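As provided, start.pdb (PDB, C-alpha atoms) reads as follows.
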```pdb
ATOM      1  CA  MET C 293     -85.800 -13.548  40.113
ATOM      2  CA  ILE C 294     -86.774 -10.935  42.743
ATOM      3  CA  LYS C 295     -85.296  -8.140  40.628
ATOM      4  CA  ARG C 296     -87.210  -9.324  37.578
ATOM      5  CA  SER C 297     -90.462  -9.518  39.560
ATOM      6  CA  LEU C 298     -90.001  -5.980  40.875
ATOM      7  CA  PHE C 299     -89.246  -4.814  37.328
ATOM      8  CA  ILE C 300     -92.515  -6.292  36.032
ATOM      9  CA  VAL C 301     -94.365  -4.713  38.960
ATOM     10  CA  SER C 302     -92.856  -1.357  38.019
ATOM     11  CA  PHE C 303     -94.264  -1.821  34.516
ATOM     12  CA  ILE C 304     -97.726  -2.498  35.928
ATOM     13  CA  PHE C 305     -97.734   0.503  38.266
ATOM     14  CA  CYS C 306     -96.467   2.772  35.494
ATOM     15  CA  ALA C 307     -99.111   1.368  33.166
ATOM     16  CA  GLN C 308    -101.793   2.149  35.739
ATOM     17  CA  SER C 309    -100.690   5.769  35.691
ATOM     18  CA  LEU C 310    -101.239   5.879  31.920
ATOM     19  CA  ILE C 311    -104.991   5.339  32.093
ATOM     20  CA  GLY C 312    -106.650   6.762  28.986
ATOM     21  CA  TYR C 313    -103.461   6.922  26.916
ATOM     22  CA  ASN C 314    -102.283   5.298  23.694
ATOM     23  CA  VAL C 315     -98.793   3.794  23.755
ATOM     24  CA  ILE C 316     -97.019   3.618  20.387
ATOM     25  CA  PHE C 317     -94.035   1.324  19.846
ATOM     26  CA  ASP C 318     -91.305   1.245  17.255
ATOM     27  CA  PHE C 319     -90.230  -2.221  16.100
ATOM     28  CA  ASN C 320     -86.483  -2.404  15.525
ATOM     29  CA  GLY C 321     -84.511  -1.373  18.599
ATOM     30  CA  VAL C 322     -87.576  -1.288  20.874
ATOM     31  CA  LEU C 323     -89.804  -4.319  20.382
ATOM     32  CA  MET C 324     -87.236  -6.419  18.578
ATOM     33  CA  GLY C 325     -83.609  -6.614  17.626
ATOM     34  CA  THR C 326     -81.106  -8.690  15.696
ATOM     35  CA  ASN C 327     -80.269 -12.253  16.656
ATOM     36  CA  THR C 328     -76.483 -11.909  16.603
ATOM     37  CA  LYS C 329     -75.770 -15.613  16.186
ATOM     38  CA  THR C 330     -78.165 -16.005  13.247
ATOM     39  CA  SER C 331     -76.916 -12.802  11.628
ATOM     40  CA  LEU C 332     -73.266 -13.853  11.985
ATOM     41  CA  HIS C 333     -74.053 -17.240  10.444
ATOM     42  CA  ALA C 334     -75.765 -15.533   7.497
ATOM     43  CA  THR C 335     -72.846 -13.145   6.942
ATOM     44  CA  GLY C 336     -70.367 -15.997   7.223
ATOM     45  CA  PHE C 337     -68.183 -16.349  10.296
ATOM     46  CA  SER C 338     -65.119 -17.141   8.172
ATOM     47  CA  ASN C 339     -65.737 -14.005   6.096
ATOM     48  CA  VAL C 340     -65.926 -11.851   9.204
ATOM     49  CA  LEU C 341     -62.794 -13.466  10.656
ATOM     50  CA  GLN C 342     -60.845 -12.943   7.444
ATOM     51  CA  CYS C 343     -61.971  -9.317   7.309
ATOM     52  CA  MET C 344     -60.687  -8.825  10.840
ATOM     53  CA  ILE C 345     -57.313 -10.303   9.897
ATOM     54  CA  HIS C 346     -56.757  -8.729   6.475
ATOM     55  CA  LEU C 347     -58.343  -5.350   7.219
ATOM     56  CA  ARG C 348     -56.840  -5.234  10.710
ATOM     57  CA  LYS C 349     -60.120  -4.707  12.527
ATOM     58  CA  SER C 350     -60.650  -5.707  16.154
ATOM     59  CA  PRO C 351     -63.777  -7.584  17.309
ATOM     60  CA  THR C 352     -65.174  -4.260  18.565
ATOM     61  CA  GLN C 353     -64.481  -2.542  15.222
ATOM     62  CA  ILE C 354     -65.607  -5.114  12.651
ATOM     63  CA  ASN C 355     -69.375  -4.612  12.985
ATOM     64  CA  ALA C 356     -69.110  -0.852  12.517
ATOM     65  CA  HIS C 357     -66.755  -1.354   9.565
ATOM     66  CA  LEU C 358     -69.070  -3.791   7.772
ATOM     67  CA  LYS C 359     -72.093  -1.567   8.364
ATOM     68  CA  THR C 360     -70.283   1.509   7.016
ATOM     69  CA  LYS C 361     -69.102  -0.508   4.023
ATOM     70  CA  PHE C 362     -72.612  -1.856   3.450
ATOM     71  CA  PHE C 363     -74.045   1.680   3.387
ATOM     72  CA  SER C 364     -71.260   2.824   1.064
ATOM     73  CA  ILE C 365     -71.820  -0.052  -1.362
ATOM     74  CA  LEU C 366     -75.562   0.645  -1.491
ATOM     75  CA  ASP C 367     -74.797   4.278  -2.317
ATOM     76  CA  ASN C 368     -72.414   3.140  -5.074
ATOM     77  CA  ILE C 369     -75.088   0.863  -6.536
ATOM     78  CA  ALA C 370     -77.632   3.694  -6.649
ATOM     79  CA  GLN C 371     -75.089   5.928  -8.396
ATOM     80  CA  THR C 372     -74.171   3.201 -10.877
ATOM     81  CA  TYR C 373     -77.767   2.921 -12.054
ATOM     82  CA  GLN C 374     -78.403   6.674 -11.728
ATOM     83  CA  LEU C 375     -81.368   6.142  -9.441
ATOM     84  CA  ASP C 376     -83.240   9.235  -8.295
ATOM     85  CA  THR C 377     -82.191   9.270  -4.636
ATOM     86  CA  GLN C 378     -84.363  12.316  -3.909
ATOM     87  CA  LYS C 379     -87.575  10.360  -4.500
ATOM     88  CA  SER C 380     -87.560   8.855  -1.018
ATOM     89  CA  GLN C 381     -88.000  10.674   2.299
ATOM     90  CA  PRO C 382     -84.941  10.836   4.572
ATOM     91  CA  ALA C 383     -84.526   8.269   7.322
ATOM     92  CA  TYR C 384     -81.748   7.478   9.790
ATOM     93  CA  ASP C 385     -80.147   4.602  11.657
ATOM     94  CA  GLU C 386     -79.920   4.341  15.436
ATOM     95  CA  HIS C 387     -76.827   6.573  15.462
ATOM     96  CA  GLY C 388     -78.383   9.324  13.381
ATOM     97  CA  ASN C 389     -76.609   8.351  10.145
ATOM     98  CA  PRO C 390     -78.662   8.840   6.954
ATOM     99  CA  LEU C 391     -79.868   5.590   5.422
ATOM    100  CA  PRO C 392     -78.767   4.882   1.834
ATOM    101  CA  TYR C 393     -81.393   5.397  -0.852
ATOM    102  CA  LEU C 394     -81.826   1.672  -1.547
ATOM    103  CA  MET C 395     -82.672   1.022   2.095
ATOM    104  CA  ARG C 396     -85.156   3.895   2.130
ATOM    105  CA  ALA C 397     -86.730   2.646  -1.111
ATOM    106  CA  TRP C 398     -86.978  -0.822   0.442
ATOM    107  CA  LEU C 399     -88.592   0.532   3.599
ATOM    108  CA  ASP C 400     -91.090   2.839   1.868
ATOM    109  CA  GLY C 401     -92.147   0.203  -0.648
ATOM    110  CA  SER C 402     -90.993   2.039  -3.770
ATOM    111  CA  MET C 403     -88.606  -0.817  -4.680
ATOM    112  CA  THR C 404     -89.070  -4.541  -4.139
ATOM    113  CA  CYS C 405     -86.466  -6.845  -2.659
ATOM    114  CA  TYR C 406     -86.095  -8.504  -6.055
ATOM    115  CA  GLU C 407     -85.364  -5.190  -7.785
ATOM    116  CA  ILE C 408     -82.801  -4.164  -5.182
ATOM    117  CA  LYS C 409     -80.963  -7.497  -5.279
ATOM    118  CA  LYS C 410     -80.950  -7.493  -9.089
ATOM    119  CA  HIS C 411     -79.282  -4.058  -9.179
ATOM    120  CA  ALA C 412     -76.935  -4.986  -6.353
ATOM    121  CA  PHE C 413     -75.512  -8.232  -7.666
ATOM    122  CA  GLN C 414     -75.148  -6.899 -11.205
ATOM    123  CA  ALA C 415     -73.152  -3.964  -9.850
ATOM    124  CA  LEU C 416     -71.002  -6.108  -7.543
ATOM    125  CA  ALA C 417     -70.068  -8.372 -10.451
ATOM    126  CA  ILE C 418     -68.574  -5.493 -12.453
ATOM    127  CA  HIS C 419     -67.042  -3.477  -9.608
ATOM    128  CA  PRO C 420     -64.564  -5.632  -7.659
ATOM    129  CA  GLU C 421     -62.567  -2.448  -6.939
ATOM    130  CA  TRP C 422     -65.196  -1.420  -4.389
ATOM    131  CA  PHE C 423     -63.716  -3.937  -1.927
ATOM    132  CA  GLU C 424     -60.427  -4.207  -0.090
ATOM    133  CA  HIS C 425     -60.477  -8.001   0.128
ATOM    134  CA  ALA C 426     -62.445 -10.929  -1.311
ATOM    135  CA  ALA C 427     -63.774 -11.780   2.168
ATOM    136  CA  GLU C 428     -65.177  -8.273   2.490
ATOM    137  CA  LYS C 429     -67.027  -8.693  -0.814
ATOM    138  CA  ARG C 430     -68.454 -12.036   0.298
ATOM    139  CA  ALA C 431     -69.572 -10.584   3.640
ATOM    140  CA  ILE C 432     -71.320  -7.605   2.019
ATOM    141  CA  SER C 433     -72.898  -9.850  -0.632
ATOM    142  CA  ASN C 434     -74.277 -12.066   2.122
ATOM    143  CA  LEU C 435     -75.605  -9.043   4.001
ATOM    144  CA  ILE C 436     -77.423  -7.838   0.898
ATOM    145  CA  LYS C 437     -78.896 -11.288   0.335
ATOM    146  CA  THR C 438     -79.981 -11.636   3.979
ATOM    147  CA  ILE C 439     -81.519  -8.189   4.417
ATOM    148  CA  PHE C 440     -83.307  -8.126   1.062
ATOM    149  CA  THR C 441     -84.620 -11.692   1.211
ATOM    150  CA  PRO C 442     -87.722 -11.511   3.457
ATOM    151  CA  LYS C 443     -87.548 -15.061   4.773
ATOM    152  CA  GLN C 444     -83.878 -14.755   5.697
ATOM    153  CA  PHE C 445     -84.299 -11.268   7.134
ATOM    154  CA  VAL C 446     -87.086 -12.363   9.494
ATOM    155  CA  LYS C 447     -84.924 -15.268  10.703
ATOM    156  CA  THR C 448     -82.441 -12.735  12.102
ATOM    157  CA  SER C 449     -85.085 -11.000  14.255
ATOM    158  CA  LYS C 450     -85.826 -11.596  17.925
ATOM    159  CA  ILE C 451     -88.361 -10.161  20.362
ATOM    160  CA  TYR C 452     -87.162  -8.256  23.429
ATOM    161  CA  THR C 453     -88.945  -9.730  26.455
ATOM    162  CA  GLU C 454     -88.630  -6.425  28.342
ATOM    163  CA  CYS C 455     -90.748  -4.616  25.761
ATOM    164  CA  LEU C 456     -93.226  -7.482  25.522
ATOM    165  CA  ALA C 457     -93.706  -7.397  29.307
ATOM    166  CA  PHE C 458     -94.417  -3.659  29.172
ATOM    167  CA  MET C 459     -96.886  -4.127  26.320
ATOM    168  CA  LYS C 460     -98.764  -6.843  28.209
ATOM    169  CA  ALA C 461     -98.879  -4.689  31.344
ATOM    170  CA  CYS C 462    -100.377  -1.835  29.315
ATOM    171  CA  LYS C 463    -102.985  -4.109  27.767
ATOM    172  CA  LYS C 464    -103.838  -5.602  31.151
ATOM    173  CA  GLN C 465    -104.638  -2.116  32.432
ATOM    174  CA  GLY C 466    -106.877  -1.412  29.426
ATOM    175  CA  HIS C 467    -104.599   0.873  27.439
ATOM    176  CA  ASN C 468    -104.424   0.888  23.653
ATOM    177  CA  ILE C 469    -101.125  -0.011  22.030
ATOM    178  CA  TYR C 470    -100.024   0.754  18.494
ATOM    179  CA  ALA C 471     -96.983   0.200  16.300
ATOM    180  CA  LEU C 472     -95.310   2.780  14.079
ATOM    181  CA  SER C 473     -92.246   1.504  12.284
ATOM    182  CA  ASN C 474     -90.008   1.910   9.264
ATOM    183  CA  TRP C 475     -90.413  -1.664   8.015
ATOM    184  CA  ASP C 476     -90.796  -3.233   4.583
ATOM    185  CA  LYS C 477     -94.133  -4.826   3.707
ATOM    186  CA  GLU C 478     -92.671  -8.018   2.223
ATOM    187  CA  SER C 479     -91.005  -9.258   5.399
ATOM    188  CA  PHE C 480     -93.731  -7.834   7.648
ATOM    189  CA  VAL C 481     -96.168 -10.543   6.576
ATOM    190  CA  LEU C 482     -93.650 -13.208   7.610
ATOM    191  CA  LEU C 483     -92.887 -11.362  10.842
ATOM    192  CA  GLN C 484     -96.548 -11.505  11.831
ATOM    193  CA  GLU C 485     -96.594 -15.229  11.098
ATOM    194  CA  LYS C 486     -93.481 -15.767  13.229
ATOM    195  CA  TYR C 487     -94.814 -13.866  16.266
ATOM    196  CA  PRO C 488     -98.643 -14.083  16.169
ATOM    197  CA  GLU C 489     -98.919 -13.819  19.959
ATOM    198  CA  VAL C 490     -97.138 -10.452  19.828
ATOM    199  CA  PHE C 491     -98.997  -8.835  16.944
ATOM    200  CA  THR C 492    -102.447  -9.743  18.265
ATOM    201  CA  LEU C 493    -101.737  -7.363  21.159
ATOM    202  CA  PHE C 494    -101.766  -4.288  18.922
ATOM    203  CA  ASP C 495    -104.857  -2.142  18.420
ATOM    204  CA  GLY C 496    -103.360  -0.745  15.235
ATOM    205  CA  ILE C 497    -100.172  -0.949  13.169
ATOM    206  CA  ILE C 498     -98.631   1.423  10.627
ATOM    207  CA  ILE C 499     -95.510   0.378   8.728
ATOM    208  CA  SER C 500     -93.687   2.541   6.216
ATOM    209  CA  GLY C 501     -93.806  -0.029   3.425
ATOM    210  CA  GLU C 502     -97.602   0.009   3.369
ATOM    211  CA  VAL C 503     -98.115   3.790   3.499
ATOM    212  CA  ASN C 504     -95.084   4.884   1.429
ATOM    213  CA  ALA C 505     -93.835   7.270   4.108
ATOM    214  CA  LEU C 506     -90.872   7.134   6.488
ATOM    215  CA  LYS C 507     -90.162   8.360   9.989
ATOM    216  CA  PRO C 508     -89.206  11.060  10.824
ATOM    217  CA  SER C 509     -91.450  12.650   8.174
ATOM    218  CA  PRO C 510     -94.634  13.996   9.803
ATOM    219  CA  ASP C 511     -96.632  12.189   7.089
ATOM    220  CA  ILE C 512     -96.405   8.758   8.706
ATOM    221  CA  TYR C 513     -97.301  10.062  12.183
ATOM    222  CA  ASN C 514    -100.340  11.867  10.786
ATOM    223  CA  ILE C 515    -101.442   8.694   9.003
ATOM    224  CA  LEU C 516    -101.397   6.872  12.351
ATOM    225  CA  LEU C 517    -103.298   9.639  14.147
ATOM    226  CA  THR C 518    -105.887   9.956  11.386
ATOM    227  CA  ARG C 519    -106.468   6.264  10.721
ATOM    228  CA  TYR C 520    -107.048   5.407  14.373
ATOM    229  CA  HIS C 521    -108.636   8.741  15.404
ATOM    230  CA  LEU C 522    -105.982   9.479  18.028
ATOM    231  CA  ASN C 523    -105.483  12.743  19.888
ATOM    232  CA  PRO C 524    -101.697  13.355  19.897
ATOM    233  CA  THR C 525    -101.788  14.642  23.492
ATOM    234  CA  THR C 526    -103.018  11.212  24.624
ATOM    235  CA  CYS C 527    -100.199   9.367  22.823
ATOM    236  CA  TRP C 528     -96.823   8.162  24.090
ATOM    237  CA  PHE C 529     -94.334   7.200  21.373
ATOM    238  CA  ILE C 530     -91.334   4.983  22.248
ATOM    239  CA  ASP C 531     -88.504   4.869  19.691
ATOM    240  CA  ASP C 532     -84.743   4.302  19.780
ATOM    241  CA  GLN C 533     -83.906   7.169  17.404
ATOM    242  CA  GLN C 534     -83.821  10.771  18.553
ATOM    243  CA  GLU C 535     -84.883  12.126  15.140
ATOM    244  CA  ASN C 536     -88.080  10.071  15.271
ATOM    245  CA  VAL C 537     -88.869  11.062  18.845
ATOM    246  CA  THR C 538     -88.299  14.749  18.066
ATOM    247  CA  ALA C 539     -90.603  14.525  15.041
ATOM    248  CA  ALA C 540     -93.341  12.997  17.187
ATOM    249  CA  SER C 541     -92.940  15.688  19.820
ATOM    250  CA  THR C 542     -93.399  18.482  17.266
ATOM    251  CA  LEU C 543     -96.853  17.017  16.543
ATOM    252  CA  GLY C 544     -97.836  17.083  20.204
ATOM    253  CA  ILE C 545     -97.093  13.404  20.879
ATOM    254  CA  HIS C 546     -95.165  12.545  24.042
ATOM    255  CA  GLY C 547     -91.876  11.210  22.668
ATOM    256  CA  ILE C 548     -89.765   8.807  24.728
ATOM    257  CA  ILE C 549     -86.267   7.806  23.603
ATOM    258  CA  CYS C 550     -85.505   4.136  24.265
ATOM    259  CA  HIS C 551     -81.808   3.785  25.041
ATOM    260  CA  GLN C 552     -79.799   0.566  24.958
ATOM    261  CA  LYS C 553     -78.295  -1.079  28.022
ATOM    262  CA  GLY C 554     -74.498  -1.313  27.840
ATOM    263  CA  LEU C 555     -72.940  -4.213  25.992
ATOM    264  CA  SER C 556     -76.176  -6.212  25.877
ATOM    265  CA  LYS C 557     -77.694  -3.642  23.465
ATOM    266  CA  LYS C 558     -81.141  -4.489  24.847
ATOM    267  CA  PRO C 559     -83.665  -1.665  25.289
ATOM    268  CA  ASP C 560     -83.498  -0.054  28.734
ATOM    269  CA  PHE C 561     -87.153  -0.159  29.766
ATOM    270  CA  ARG C 562     -86.287   0.789  33.338
ATOM    271  CA  LEU C 563     -85.256   4.154  31.928
ATOM    272  CA  VAL C 564     -88.388   4.302  29.763
ATOM    273  CA  VAL C 565     -90.532   3.728  32.860
ATOM    274  CA  ARG C 566     -88.614   6.385  34.798
ATOM    275  CA  THR C 567     -89.001   8.907  31.970
ATOM    276  CA  ILE C 568     -92.753   8.337  31.695
ATOM    277  CA  LYS C 569     -93.106   8.630  35.459
ATOM    278  CA  ASN C 570     -91.193  11.915  35.556
ATOM    279  CA  ILE C 571     -93.191  13.438  32.707
ATOM    280  CA  LEU C 572     -96.466  12.436  34.334
ATOM    281  CA  MET C 573     -95.404  13.984  37.621
ATOM    282  CA  THR C 574     -94.222  17.175  35.970
ATOM    283  CA  GLN C 575     -97.305  17.694  33.852
ATOM    284  CA  ARG C 576     -99.689  16.229  36.456
ATOM    285  CA  HIS C 577    -101.754  14.374  33.861
ATOM    286  CA  ASP C 578    -102.874  11.908  36.503
ATOM    287  CA  GLU C 579    -103.419  12.788  40.155
ATOM    288  CA  THR C 580    -102.579   9.242  41.226
ATOM    289  CA  CYS C 581     -99.203   9.220  39.499
ATOM    290  CA  GLU C 582     -97.420  10.691  42.534
ATOM    291  CA  LYS C 583     -98.838   7.965  44.757
ATOM    292  CA  THR C 584     -97.826   5.155  42.422
ATOM    293  CA  THR C 585     -94.346   6.643  41.923
ATOM    294  CA  ALA C 586     -93.367   5.655  45.432
ATOM    295  CA  LEU C 587     -94.131   2.050  44.559
ATOM    296  CA  ILE C 588     -91.861   1.908  41.497
ATOM    297  CA  PRO C 589     -88.520   0.352  42.592
ATOM    298  CA  LEU C 590     -86.093   2.348  40.463
TER     299      LEU C 590
END
```
Would you write the structure of this file as structure tokens?
Amino acid sequence: MIKRSLFIVSFIFCAQSLIGYNVIFDFNGVLMGTNTKTSLHATGFSNVLQCMIHLRKSPTQINAHLKTKFFSILDNIAQTYQLDTQKSQPAYDEHGNPLPYLMRAWLDGSMTCYEIKKHAFQALAIHPEWFEHAAEKRAISNLIKTIFTPKQFVKTSKIYTECLAFMKACKKQGHNIYALSNWDKESFVLLQEKYPEVFTLFDGIIISGEVNALKPSPDIYNILLTRYHLNPTTCWFIDDQQENVTAASTLGIHGIICHQKGLSKKPDFRLVVRTIKNILMTQRHDETCEKTTALIPL
């Protein structure tokens, strides 16, 4: 309890040092993540277990295997229907891997969930050779259904309390907070309904599905800056992907990478706070930053 209290205090003191700034948050990997239990239930525990047995994958290997297979299947589907994969801007996952075209089309709003699922399940029905085992096909089919069905997709999301605490500390000190995320517009409506107390905190939100642009393209950052009349030098952008942070930095925005904490996979906001503090000290944006630094228990 004491550690948690000190952690919240560190948020508040860091927030005080950001007077006059705009803090921009990514959604997935920063503000929210995947509810593992709900996601496993949707994929099918028995399917995952059978994949582990028949494909000889350990518990630490199976998630990476299914994700790689999922990406591969989406690429196969796009090739089957000869979709123009160059139409969408590039985007990447948290490990820097390029997202398949169908995921990019979903995120930028150029294809609906219905269209993607229609292509997907037609292709899966005629290409059983894409899979090594029936359980693998069932698992991937369930993943496609879950991700591209807005109501089911939102059920797998959860809010990270560490990020929410930081957001509230920023708001309490009078700072503006914004969201900039690669997120589809169909599920975003349901996400807002699920977490109204979170989304009312934002002064502005830009999602890729509504503006037809994807991070790390400069287009989506410029839309945010223009729409809300923001000076990039007064902005701090927190994202879990290096490509997105680098893109922000090239536009003059202070980019902060949000790393995950060990096995928990939760965002490490202690490190975020430390990074902001160090940048402020180095660049001397705020004369009081050095005084408040001594009060941050890191």
Tell me which protein, DNA and RNA residues are within 10 Å of Tyr513 in chain C, counting all atoms listed in the file, leaving out same-chain ones fewer than 2 positions away, and put them as JSON, numbers by chain. {"C": [472, 473, 498, 505, 506, 507, 508, 509, 510, 511, 515, 516, 517, 518, 524, 536, 539, 540, 543, 545]}
On this structure, the PyMOL selection byres ((chain C and resi 547-559) around 10) would catch which residues? List them as number ranges by chain, sorted by chain and number. C: 316-318, 321-326, 386, 452-455, 527-546, 560-565, 567-568, 571
I'd like the contact shell of range 368-379 of chain C - 6 Å cut-off, only C-alpha atoms, skipping same-chain residues fewer than 2 positions apart - returned as a ChimeraX atom specification. /C:365-366,393
Using all atoms listed in the file, find the one residue out of C:Asn523, C:Thr441, C:Thr492, C:Asn504 that sits nearest to Lys460 in chain C.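 Smallest distance to Lys460 in chain C is found for C:Thr492.
For the atom pair formed by CA of Lys437 in chain C and CA of Phe413 in chain C, the distance is 9.2 Å, given to one decimal.
Distances here use only C-alpha atoms; by that measure, the residue among C:Glu502, C:Glu428, C:Glu489, C:Asp495 closest to Gly336 in chain C is C:Glu428.
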